[in-house]
>>> print(open('entry.csv').read())   # CSV, C-alpha atoms
chain,number,residue,atom,x,y,z
A,1,MET,CA,-0.7,-83.9,7.0
A,2,ALA,CA,0.3,-82.6,3.6
A,3,ASP,CA,2.4,-84.8,1.3
A,4,ALA,CA,5.6,-82.9,0.6
A,5,GLY,CA,6.0,-84.9,-2.6
A,6,ALA,CA,2.6,-84.0,-4.0
A,7,THR,CA,2.8,-82.3,-7.4
A,8,THR,CA,-0.9,-82.0,-8.5
A,9,THR,CA,-1.7,-78.3,-8.3
A,10,VAL,CA,-4.3,-77.3,-5.7
A,11,LYS,CA,-7.4,-75.7,-7.3
A,12,CYS,CA,-9.2,-74.8,-4.1
A,13,LEU,CA,-8.0,-74.2,-0.5
A,14,VAL,CA,-10.7,-74.6,2.2
A,15,TRP,CA,-10.0,-72.5,5.3
A,16,ASP,CA,-11.0,-73.0,8.9
A,17,LEU,CA,-11.6,-69.6,10.6
A,18,ASP,CA,-11.1,-69.7,14.4
A,19,ASN,CA,-7.3,-69.7,15.3
A,20,THR,CA,-6.5,-70.4,11.6
A,21,LEU,CA,-7.6,-67.5,9.4
A,22,TRP,CA,-8.0,-65.2,12.4
A,23,GLN,CA,-6.7,-65.0,15.9
A,24,GLY,CA,-9.2,-66.0,18.6
A,25,THR,CA,-12.5,-68.0,18.8
A,26,LEU,CA,-15.5,-66.0,17.5
A,27,LEU,CA,-18.1,-67.4,19.9
A,28,GLU,CA,-15.8,-66.7,22.9
A,29,ASP,CA,-14.1,-63.5,21.9
A,30,GLY,CA,-16.8,-61.7,20.0
A,31,GLU,CA,-14.4,-59.9,17.7
A,32,VAL,CA,-11.3,-61.4,16.1
A,33,ARG,CA,-8.2,-60.2,14.3
A,34,LEU,CA,-6.8,-61.4,11.1
A,35,ARG,CA,-3.6,-63.3,11.5
A,36,PRO,CA,-0.6,-61.3,10.2
A,37,GLY,CA,0.3,-62.0,6.6
A,38,LEU,CA,-2.8,-64.0,5.7
A,39,ARG,CA,-4.4,-61.2,3.7
A,40,GLU,CA,-1.4,-61.3,1.4
A,41,THR,CA,-1.5,-65.1,1.3
A,42,ILE,CA,-5.2,-65.1,0.2
A,43,THR,CA,-4.8,-62.4,-2.4
A,44,GLU,CA,-1.7,-64.1,-3.8
A,45,LEU,CA,-3.5,-67.5,-4.1
A,46,ASP,CA,-6.4,-65.7,-5.7
A,47,ALA,CA,-4.1,-64.0,-8.2
A,48,ARG,CA,-2.7,-67.5,-9.1
A,49,GLY,CA,-6.2,-68.8,-9.9
A,50,ILE,CA,-6.5,-70.9,-6.8
A,51,LEU,CA,-9.9,-70.5,-5.2
A,52,ASN,CA,-10.4,-69.9,-1.5
A,53,SER,CA,-13.3,-71.4,0.5
A,54,VAL,CA,-14.4,-71.8,4.1
A,55,ALA,CA,-15.4,-74.8,6.3
A,56,SER,CA,-16.0,-73.4,9.8
A,57,LYS,CA,-18.0,-74.5,12.8
A,58,ASN,CA,-19.6,-71.1,13.7
A,59,ASP,CA,-22.7,-69.1,13.5
A,60,HIS,CA,-23.0,-68.3,9.8
A,61,ASP,CA,-24.2,-64.7,10.0
A,62,HIS,CA,-21.8,-63.8,12.8
A,63,ALA,CA,-18.8,-65.3,11.0
A,64,TRP,CA,-19.7,-63.8,7.6
A,65,ALA,CA,-20.1,-60.4,9.2
A,66,GLN,CA,-16.5,-60.7,10.5
A,67,LEU,CA,-15.2,-61.7,7.1
A,68,LYS,CA,-16.9,-58.6,5.6
A,69,ARG,CA,-15.4,-56.4,8.4
A,70,LEU,CA,-12.0,-57.8,7.6
A,71,GLY,CA,-12.5,-57.0,3.9
A,72,LEU,CA,-12.1,-60.7,2.8
A,73,ALA,CA,-15.6,-62.0,2.2
A,74,GLU,CA,-15.4,-61.4,-1.6
A,75,TYR,CA,-12.4,-63.8,-1.8
A,76,PHE,CA,-14.3,-66.8,-0.6
A,77,VAL,CA,-16.4,-69.0,-2.9
A,78,LEU,CA,-19.0,-71.4,-1.5
A,79,PRO,CA,-18.3,-70.8,2.1
A,80,ARG,CA,-19.8,-73.4,4.5
A,81,ILE,CA,-20.2,-72.1,8.0
A,82,GLY,CA,-22.3,-74.2,10.3
A,83,TRP,CA,-22.1,-77.2,12.7
A,84,GLY,CA,-21.8,-80.3,10.5
A,85,PRO,CA,-18.6,-82.4,9.9
A,86,LYS,CA,-16.0,-80.4,8.0
A,87,SER,CA,-15.4,-83.3,5.7
A,88,GLU,CA,-18.9,-83.0,4.4
A,89,SER,CA,-18.4,-79.2,3.9
A,90,VAL,CA,-15.2,-80.0,1.9
A,91,ARG,CA,-16.9,-82.7,-0.1
A,92,ARG,CA,-19.8,-80.5,-1.0
A,93,THR,CA,-17.5,-77.7,-2.1
A,94,ALA,CA,-15.5,-80.0,-4.3
A,95,ASP,CA,-18.8,-81.4,-5.8
A,96,GLU,CA,-20.2,-77.9,-6.6
A,97,LEU,CA,-17.0,-76.8,-8.1
A,98,ASN,CA,-16.7,-80.1,-10.0
A,99,PHE,CA,-13.1,-80.5,-8.8
A,100,ALA,CA,-11.4,-83.8,-8.1
A,101,LEU,CA,-10.8,-84.3,-4.4
A,102,GLY,CA,-7.1,-84.5,-5.1
A,103,THR,CA,-7.1,-80.9,-6.1
A,104,ILE,CA,-8.6,-79.7,-2.8
A,105,ALA,CA,-6.6,-78.6,0.2
A,106,PHE,CA,-7.8,-78.0,3.8
A,107,ILE,CA,-6.2,-75.9,6.6
A,108,ASP,CA,-7.2,-76.1,10.2
A,109,ASP,CA,-5.5,-75.5,13.6
A,110,GLN,CA,-7.2,-78.5,15.2
A,111,PRO,CA,-5.6,-82.0,14.7
A,112,PHE,CA,-9.0,-83.6,15.2
A,113,GLU,CA,-10.6,-81.7,12.4
A,114,ARG,CA,-7.7,-82.5,10.0
A,115,ALA,CA,-7.9,-86.1,10.9
A,116,GLU,CA,-11.7,-86.2,10.4
A,117,VAL,CA,-11.2,-84.8,6.9
A,118,VAL,CA,-8.4,-87.2,6.0
A,119,HIS,CA,-10.4,-90.2,7.3
A,120,ALA,CA,-13.4,-89.3,5.2
A,121,LEU,CA,-11.6,-87.8,2.2
A,122,PRO,CA,-8.0,-89.3,2.0
A,123,GLU,CA,-7.3,-87.5,-1.3
A,124,VAL,CA,-7.6,-84.1,0.3
A,125,ARG,CA,-4.3,-82.5,1.4
A,126,THR,CA,-4.4,-81.0,4.9
A,127,TYR,CA,-2.2,-78.3,6.5
A,128,THR,CA,-1.8,-76.9,10.0
A,129,ALA,CA,-2.5,-73.3,10.8
A,130,GLU,CA,1.2,-72.8,11.4
A,131,GLN,CA,1.9,-73.7,7.7
A,132,ALA,CA,-0.4,-70.9,6.4
A,133,LEU,CA,2.2,-68.4,5.6
A,134,GLU,CA,4.4,-70.9,3.7
A,135,LEU,CA,1.7,-72.1,1.4
A,136,VAL,CA,2.5,-69.7,-1.4
A,137,THR,CA,6.1,-71.1,-1.5
A,138,ARG,CA,5.0,-74.7,-1.9
A,139,PRO,CA,5.0,-76.3,-5.4
A,140,GLU,CA,1.4,-77.5,-5.1
A,141,PHE,CA,0.3,-73.9,-4.7
A,142,SER,CA,2.5,-72.7,-7.5
A,143,PRO,CA,0.8,-73.3,-10.9
A,144,ALA,CA,3.2,-73.7,-13.9
A,145,THR,CA,1.5,-70.8,-15.7
A,146,ILE,CA,-0.5,-67.9,-14.5
A,147,THR,CA,-2.7,-66.4,-17.2
A,148,VAL,CA,-5.3,-63.7,-17.6
A,149,ASP,CA,-7.9,-66.4,-17.0
A,150,SER,CA,-6.1,-67.5,-13.8
A,151,ARG,CA,-6.3,-64.0,-12.3
A,152,ARG,CA,-10.0,-63.7,-12.9
A,153,ARG,CA,-11.0,-67.3,-12.1
A,154,ARG,CA,-12.7,-66.4,-8.9
A,155,SER,CA,-14.9,-63.7,-10.6
A,156,MET,CA,-15.8,-66.2,-13.4
A,157,TYR,CA,-16.9,-68.8,-10.8
A,158,GLN,CA,-18.9,-66.2,-8.9
A,159,ALA,CA,-20.6,-65.2,-12.2
A,160,SER,CA,-21.4,-68.9,-12.8
A,161,PHE,CA,-23.1,-69.1,-9.4
A,162,ARG,CA,-25.3,-66.1,-10.2
A,163,ARG,CA,-26.0,-67.7,-13.6
A,164,ASP,CA,-26.9,-71.0,-11.9
A,165,ALA,CA,-29.2,-69.3,-9.5
A,166,GLU,CA,-31.1,-67.6,-12.3
A,167,ARG,CA,-31.3,-70.9,-14.1
A,168,GLU,CA,-33.0,-72.4,-11.1
A,169,GLU,CA,-35.6,-69.7,-11.1
A,170,PHE,CA,-36.2,-69.8,-14.9
A,171,ALA,CA,-39.6,-71.4,-15.6
A,172,GLY,CA,-39.4,-72.1,-19.3
A,173,PRO,CA,-37.6,-74.7,-21.4
A,174,ASP,CA,-33.8,-75.0,-21.0
A,175,GLU,CA,-33.2,-73.9,-24.6
A,176,ASP,CA,-35.1,-70.7,-23.9
A,177,PHE,CA,-32.9,-70.0,-20.9
A,178,LEU,CA,-29.7,-70.6,-23.0
A,179,ARG,CA,-31.0,-68.2,-25.6
A,180,SER,CA,-31.6,-65.6,-22.9
A,181,LEU,CA,-28.0,-65.7,-21.9
A,182,ASP,CA,-26.8,-64.2,-25.3
A,183,ILE,CA,-24.0,-66.8,-25.5
A,184,ARG,CA,-21.2,-65.9,-27.9
A,185,MET,CA,-18.6,-68.5,-28.7
A,186,ARG,CA,-15.4,-67.8,-30.6
A,187,ILE,CA,-13.1,-70.4,-32.2
A,188,ALA,CA,-9.8,-69.0,-33.4
A,189,ARG,CA,-6.3,-70.1,-34.2
A,190,ALA,CA,-4.1,-69.8,-31.1
A,191,THR,CA,-1.5,-67.1,-31.2
A,192,PRO,CA,1.9,-67.5,-29.4
A,193,GLU,CA,0.6,-65.0,-26.7
A,194,GLU,CA,-2.3,-67.3,-25.9
A,195,LEU,CA,-0.3,-70.5,-25.5
A,196,SER,CA,0.0,-70.3,-21.8
A,197,ARG,CA,-3.8,-70.2,-21.6
A,198,VAL,CA,-4.0,-73.3,-23.9
A,199,GLU,CA,-1.4,-75.1,-21.9
A,200,GLU,CA,-3.3,-74.4,-18.7
A,201,LEU,CA,-6.4,-75.9,-20.2
A,202,THR,CA,-4.6,-79.2,-21.0
A,203,LEU,CA,-3.3,-79.2,-17.4
A,204,ARG,CA,-6.5,-78.3,-15.5
A,205,THR,CA,-9.2,-80.1,-17.6
A,206,SER,CA,-9.7,-83.8,-16.7
A,207,GLN,CA,-13.3,-84.7,-17.2
A,208,MET,CA,-13.6,-83.3,-20.7
A,209,ASN,CA,-10.1,-84.1,-21.9
A,210,ALA,CA,-10.1,-86.8,-24.5
A,211,THR,CA,-6.6,-88.1,-23.9
A,212,GLY,CA,-5.3,-86.6,-20.7
A,213,VAL,CA,-2.1,-85.7,-22.6
A,214,HIS,CA,-0.4,-82.5,-21.5
A,215,TYR,CA,1.2,-80.3,-24.2
A,216,SER,CA,3.8,-77.8,-23.0
A,217,GLU,CA,4.0,-74.3,-24.3
A,218,SER,CA,7.0,-75.3,-26.5
A,219,ASP,CA,5.1,-78.3,-27.9
A,220,LEU,CA,2.2,-76.0,-28.8
A,221,LEU,CA,4.5,-73.4,-30.4
A,222,ALA,CA,6.0,-76.1,-32.6
A,223,LEU,CA,2.5,-77.2,-33.7
A,224,ILE,CA,1.4,-73.6,-34.5
A,225,ASP,CA,4.4,-73.4,-36.9
A,226,ASP,CA,3.6,-76.8,-38.5
A,227,PRO,CA,1.4,-76.4,-41.7
A,228,ASP,CA,-0.1,-79.8,-41.1
A,229,HIS,CA,-1.5,-78.8,-37.7
A,230,GLU,CA,-4.1,-76.4,-36.3
A,231,VAL,CA,-4.1,-75.3,-32.7
A,232,LEU,CA,-7.5,-73.8,-32.0
A,233,VAL,CA,-8.7,-72.1,-28.8
A,234,THR,CA,-12.3,-71.5,-27.9
A,235,THR,CA,-13.6,-68.7,-25.7
A,236,VAL,CA,-17.1,-68.0,-24.5
A,237,THR,CA,-18.9,-65.0,-23.0
A,238,ASP,CA,-22.5,-64.3,-22.1
A,239,ARG,CA,-24.5,-61.5,-20.4
A,240,PHE,CA,-23.0,-62.5,-17.0
A,241,GLY,CA,-19.4,-62.0,-18.3
A,242,PRO,CA,-16.6,-64.0,-19.9
A,243,TYR,CA,-15.8,-67.6,-19.2
A,244,GLY,CA,-12.3,-67.1,-20.6
A,245,ALA,CA,-10.6,-69.8,-22.6
A,246,VAL,CA,-12.8,-72.9,-22.3
A,247,GLY,CA,-11.6,-75.3,-25.1
A,248,VAL,CA,-8.6,-76.4,-27.1
A,249,VAL,CA,-8.3,-78.5,-30.2
A,250,LEU,CA,-5.1,-79.9,-31.7
A,251,LEU,CA,-5.9,-81.0,-35.2
A,252,GLN,CA,-3.6,-82.8,-37.6
A,253,ARG,CA,-4.6,-82.6,-41.2
A,254,SER,CA,-3.9,-84.9,-44.2
A,255,VAL,CA,-5.4,-85.1,-47.7
A,256,GLU,CA,-7.9,-87.9,-46.7
A,257,ALA,CA,-8.5,-87.4,-43.0
A,258,TRP,CA,-8.2,-85.0,-40.1
A,259,ARG,CA,-7.1,-86.3,-36.7
A,260,ILE,CA,-8.3,-84.7,-33.5
A,261,LYS,CA,-5.2,-85.3,-31.4
A,262,LEU,CA,-6.6,-83.5,-28.4
A,263,LEU,CA,-10.0,-82.1,-27.6
A,264,ALA,CA,-10.4,-80.5,-24.1
A,265,THR,CA,-13.2,-78.3,-22.9
A,266,SER,CA,-13.9,-76.8,-19.5
A,267,CYS,CA,-16.6,-78.5,-17.4
A,268,ARG,CA,-17.9,-74.9,-16.8
A,269,VAL,CA,-19.4,-74.8,-20.3
A,270,VAL,CA,-20.8,-78.3,-20.7
A,271,SER,CA,-24.3,-77.1,-19.7
A,272,LEU,CA,-24.1,-74.4,-22.4
A,273,GLY,CA,-23.6,-77.0,-25.1
A,274,ALA,CA,-20.3,-75.5,-26.0
A,275,GLY,CA,-18.5,-78.8,-26.4
A,276,SER,CA,-21.3,-80.1,-28.7
A,277,ALA,CA,-21.1,-76.9,-30.7
A,278,LEU,CA,-17.3,-77.3,-31.1
A,279,LEU,CA,-17.7,-80.9,-32.3
A,280,ARG,CA,-20.4,-80.0,-34.7
A,281,TRP,CA,-18.3,-77.2,-36.1
A,282,LEU,CA,-15.3,-79.6,-36.6
A,283,THR,CA,-17.6,-82.1,-38.2
A,284,ASP,CA,-19.0,-79.5,-40.6
A,285,GLN,CA,-15.6,-78.2,-41.5
A,286,ALA,CA,-14.4,-81.7,-42.3
A,287,HIS,CA,-17.5,-82.3,-44.4
A,288,ARG,CA,-16.8,-79.1,-46.4
A,289,ALA,CA,-13.1,-80.2,-46.9
A,290,GLY,CA,-14.2,-83.6,-48.1
A,291,VAL,CA,-12.3,-85.6,-45.5
A,292,HIS,CA,-13.0,-88.1,-42.7
A,293,LEU,CA,-12.5,-87.3,-39.1
A,294,ALA,CA,-10.5,-89.4,-36.6
A,295,ALA,CA,-10.3,-88.7,-32.9
A,296,ASP,CA,-7.8,-89.9,-30.4
A,297,PHE,CA,-9.2,-91.2,-27.1
A,298,ARG,CA,-7.6,-92.6,-24.0
A,299,ALA,CA,-9.8,-93.5,-21.1
A,300,THR,CA,-8.9,-92.0,-17.7
A,301,GLU,CA,-10.6,-92.2,-14.3
A,302,ARG,CA,-12.5,-89.0,-15.0
A,303,ASN,CA,-13.1,-88.5,-18.8
A,304,ARG,CA,-16.0,-90.9,-19.5
A,305,MET,CA,-18.1,-87.8,-20.4
A,306,MET,CA,-15.7,-87.1,-23.3
A,307,GLU,CA,-16.2,-90.6,-24.8
A,308,VAL,CA,-19.9,-90.1,-24.5
A,309,ALA,CA,-19.7,-86.8,-26.3
A,310,TYR,CA,-17.7,-88.4,-29.1
A,311,ARG,CA,-20.2,-91.3,-29.4
A,312,PHE,CA,-23.1,-89.0,-29.3
A,313,ALA,CA,-21.6,-87.0,-32.2
A,314,GLY,CA,-21.4,-90.2,-34.3
A,315,PHE,CA,-17.8,-91.3,-33.8
A,316,SER,CA,-17.4,-95.1,-33.8
A,317,ASP,CA,-14.7,-97.8,-33.6
A,318,GLU,CA,-14.9,-98.4,-37.4
A,319,VAL,CA,-11.4,-99.0,-38.9
A,320,CYS,CA,-10.8,-97.0,-42.0
A,321,ALA,CA,-7.9,-96.9,-44.5
A,322,CYS,CA,-8.1,-93.0,-44.3
A,323,GLN,CA,-6.1,-93.2,-41.1
A,324,SER,CA,-2.9,-94.7,-42.5
A,325,ALA,CA,-1.3,-91.3,-43.0
A,326,LEU,CA,-2.1,-90.0,-39.6
A,327,GLY,CA,0.2,-92.0,-37.4
A,328,GLY,CA,-0.7,-92.7,-33.8
A,329,THR,CA,0.2,-92.5,-30.1
A,330,GLU,CA,1.0,-95.5,-28.0
A,331,GLY,CA,-1.9,-96.4,-25.6
A,332,VAL,CA,-4.4,-94.1,-27.4
A,333,SER,CA,-7.3,-95.6,-29.3
A,334,ARG,CA,-8.8,-94.1,-32.4
A,335,LEU,CA,-12.5,-93.2,-33.2
A,336,HIS,CA,-13.7,-92.5,-36.7
A,337,LEU,CA,-16.5,-90.5,-38.4
A,338,VAL,CA,-17.6,-89.9,-41.9
A,339,PRO,CA,-18.8,-86.3,-41.5
A,340,SER,CA,-22.0,-84.8,-42.8
A,341,ALA,CA,-23.2,-81.2,-42.9
A,342,GLN,CA,-24.1,-79.8,-39.5
A,343,PRO,CA,-26.8,-77.2,-38.7
A,344,ALA,CA,-25.8,-74.1,-36.8
A,345,SER,CA,-26.7,-73.9,-33.1
A,346,ASP,CA,-29.8,-72.0,-32.2
A,347,THR,CA,-28.8,-71.3,-28.6
A,348,LEU,CA,-25.4,-69.6,-29.2
A,349,ARG,CA,-23.7,-67.4,-31.7
A,350,LEU,CA,-20.5,-68.9,-33.2
A,351,LYS,CA,-17.6,-67.0,-34.8
A,352,ALA,CA,-15.0,-69.4,-36.3
A,353,PRO,CA,-12.6,-69.6,-39.2
A,354,GLU,CA,-12.8,-71.7,-42.3
A,355,LEU,CA,-10.4,-74.7,-42.3
A,356,ALA,CA,-9.0,-75.2,-45.8
A,357,PRO,CA,-8.4,-78.8,-47.1
A,358,VAL,CA,-4.8,-80.0,-47.5
A,359,ARG,CA,-3.8,-80.2,-51.1
A,360,GLY,CA,-2.0,-83.4,-52.2
>>> encode(input="entry.csv", output="structure tokens")
Amino acid sequence: MADAGATTTVKCLVWDLDNTLWQGTLLEDGEVRLRPGLRETITELDARGILNSVASKNDHDHAWAQLKRLGLAEYFVLPRIGWGPKSESVRRTADELNFALGTIAFIDDQPFERAEVVHALPEVRTYTAEQALELVTRPEFSPATITVDSRRRRSMYQASFRRDAEREEFAGPDEDFLRSLDIRMRIARATPEELSRVEELTLRTSQMNATGVHYSESDLLALIDDPDHEVLVTTVTDRFGPYGAVGVVLLQRSVEAWRIKLLATSCRVVSLGAGSALLRWLTDQAHRAGVHLAADFRATERNRMMEVAYRFAGFSDEVCACQSALGGTEGVSRLHLVPSAQPASDTLRLKAPELAPVRG
């Protein structure tokens, strides 16, 4: 059963169909009726940026035809309708979305099915069919912020699936496929209107978050007004559509060094090289300003990829006197880089500001 004290926001809710989403059993009744109020539940979760998926033991074509008839098929990503264990369906959905199991929820009318999922995937929260209408009132289904990107999250993931399918069929080198996408990346100073999107990134991003530190909207607003800090937001689009806000950098600047207090990028753009392009741009800007770069890093259970990215970009554990004016954060280690000029990416087009040096 669901833990009433859980506070981690659910990113994806996986639905059973028979006697959960709809009334009746499809194989026995032939045609089924949507349970009252659940259309509103699904559309509200979707508007909050919470994805909906399916794990159902049914004939796929028959069940999918019913979802289309009910006008709900478009709301479900990565539906798994077949005869295998539901825990395996839930696990595969989490893996393909690159979501931690603790951000996945499962709803089913059958105690056996819920128990099977909990036994195999104890991090997944489960709910009874009777709880369906109350989900939108629960804190774990109520994100702290709902942004423009939240409301179009499903469409962005569906675009990513089409993109991945085309990538599978592309016969040439990976770099040629990336060039074919017409990737446009924009780095800009965050405005007060964008802060909710930036805060959401610090909350949702775990694998590519260098410290795991959450900055509230008020924290970010104070940093925007601080002349020694830059709050930078990265957006990406390609011919399949926008990815939305995919990266945030909190940069503290002094005369001798710049400190990357936070670097977080969405896992959705790792394969595009967006994170690497962002680090190269920061390195090049620091080189132009004649300063060293320092980067905060705190290891978490999921952000090993972020440390690898820093190391690959040339950051090391070298101790340098340049960091004396930068301060520090308890429990956070510091990496260091003497920057050099960086070439522009040949797989994406970058639009970004010039970061001026701090004058002593």
>>> residues_around(input="entry.csv", residues="A:Asp46", least_positions_apart="2", cutoff="12 Å", atoms="all atoms listed in the file", output="count of residues only")
33
>>> closest_residue(input="entry.csv", among="A:Arg179, A:Arg359, A:Arg91, A:Arg288", to="A:Pro227", atoms="only C-alpha atoms")
A:Arg359
>>> closest_residue(input="entry.csv", among="A:Ala313, A:Ala105, A:Ile183, A:Ala144", to="A:Arg239", atoms="all atoms listed in the file")
A:Ile183
>>> atom_distance(input="entry.csv", atom1="atom CA of A:Tyr243", atom2="atom CA of A:Leu97")
14.5 Å
>>> closest_residue(input="entry.csv", among="A:Ala65, A:Val14, A:Ala190, A:Leu27", to="A:Val90", atoms="all atoms listed in the file")
A:Val14
>>> closest_residue(input="entry.csv", among="A:Arg163, A:Lys351, A:Arg268, A:Arg311", to="A:Val233", atoms="only C-alpha atoms")
A:Lys351
>>> closest_residue(input="entry.csv", among="A:Gly102, A:Pro242, A:Gly314, A:Pro357", to="A:Glu123", atoms="all atoms listed in the file")
A:Gly102
>>> atom_distance(input="entry.csv", atom1="atom CA of A:Leu221", atom2="atom CA of A:Ala188")
15.3 Å
>>> closest_residue(input="entry.csv", among="A:Trp64, A:Tyr127, A:Phe170, A:Tyr215", to="A:Leu263", atoms="all atoms listed in the file")
A:Tyr215
>>> residues_near_point(input="entry.csv", point="(0.9, -68.2, -28.9)", cutoff="10 Å", atoms="all atoms listed in the file", output="list of chain:residue names")
A:Arg189, A:Ala190, A:Thr191, A:Pro192, A:Glu193, A:Glu194, A:Leu195, A:Ser196, A:Arg197, A:Val198, A:Glu217, A:Ser218, A:Leu220, A:Leu221, A:Ile224, A:Val231
>>> write_last_selection(input="entry.csv", atoms="C-alpha atoms", output="PDB file, in the coordinates of the input")
ATOM      1  CA  ARG A 189      -6.300 -70.100 -34.200  1.00  0.00           C
ATOM      2  CA  ALA A 190      -4.100 -69.800 -31.100  1.00  0.00           C
ATOM      3  CA  THR A 191      -1.500 -67.100 -31.200  1.00  0.00           C
ATOM      4  CA  PRO A 192       1.900 -67.500 -29.400  1.00  0.00           C
ATOM      5  CA  GLU A 193       0.600 -65.000 -26.700  1.00  0.00           C
ATOM      6  CA  GLU A 194      -2.300 -67.300 -25.900  1.00  0.00           C
ATOM      7  CA  LEU A 195      -0.300 -70.500 -25.500  1.00  0.00           C
ATOM      8  CA  SER A 196       0.000 -70.300 -21.800  1.00  0.00           C
ATOM      9  CA  ARG A 197      -3.800 -70.200 -21.600  1.00  0.00           C
ATOM     10  CA  VAL A 198      -4.000 -73.300 -23.900  1.00  0.00           C
ATOM     11  CA  GLU A 217       4.000 -74.300 -24.300  1.00  0.00           C
ATOM     12  CA  SER A 218       7.000 -75.300 -26.500  1.00  0.00           C
ATOM     13  CA  LEU A 220       2.200 -76.000 -28.800  1.00  0.00           C
ATOM     14  CA  LEU A 221       4.500 -73.400 -30.400  1.00  0.00           C
ATOM     15  CA  ILE A 224       1.400 -73.600 -34.500  1.00  0.00           C
ATOM     16  CA  VAL A 231      -4.100 -75.300 -32.700  1.00  0.00           C
TER      17      VAL A 231
END
>>> atom_distance(input="entry.csv", atom1="atom CA of A:Leu21", atom2="atom CA of A:Phe112")
17.2 Å
>>> residues_around(input="entry.csv", residues="A:Ala277", least_positions_apart="4", cutoff="12 Å", atoms="only C-alpha atoms", output="ChimeraX atom specification")
/A:183-187,234,236,247,265,269-273,281-284,309,313,342-352
>>> residues_near_point(input="entry.csv", point="(-5.9, -70.0, 12.9)", cutoff="10 Å", atoms="all atoms listed in the file", output="PyMOL selection string")
chain A and resi 15-25+34-35+38+107-110+128-130+132
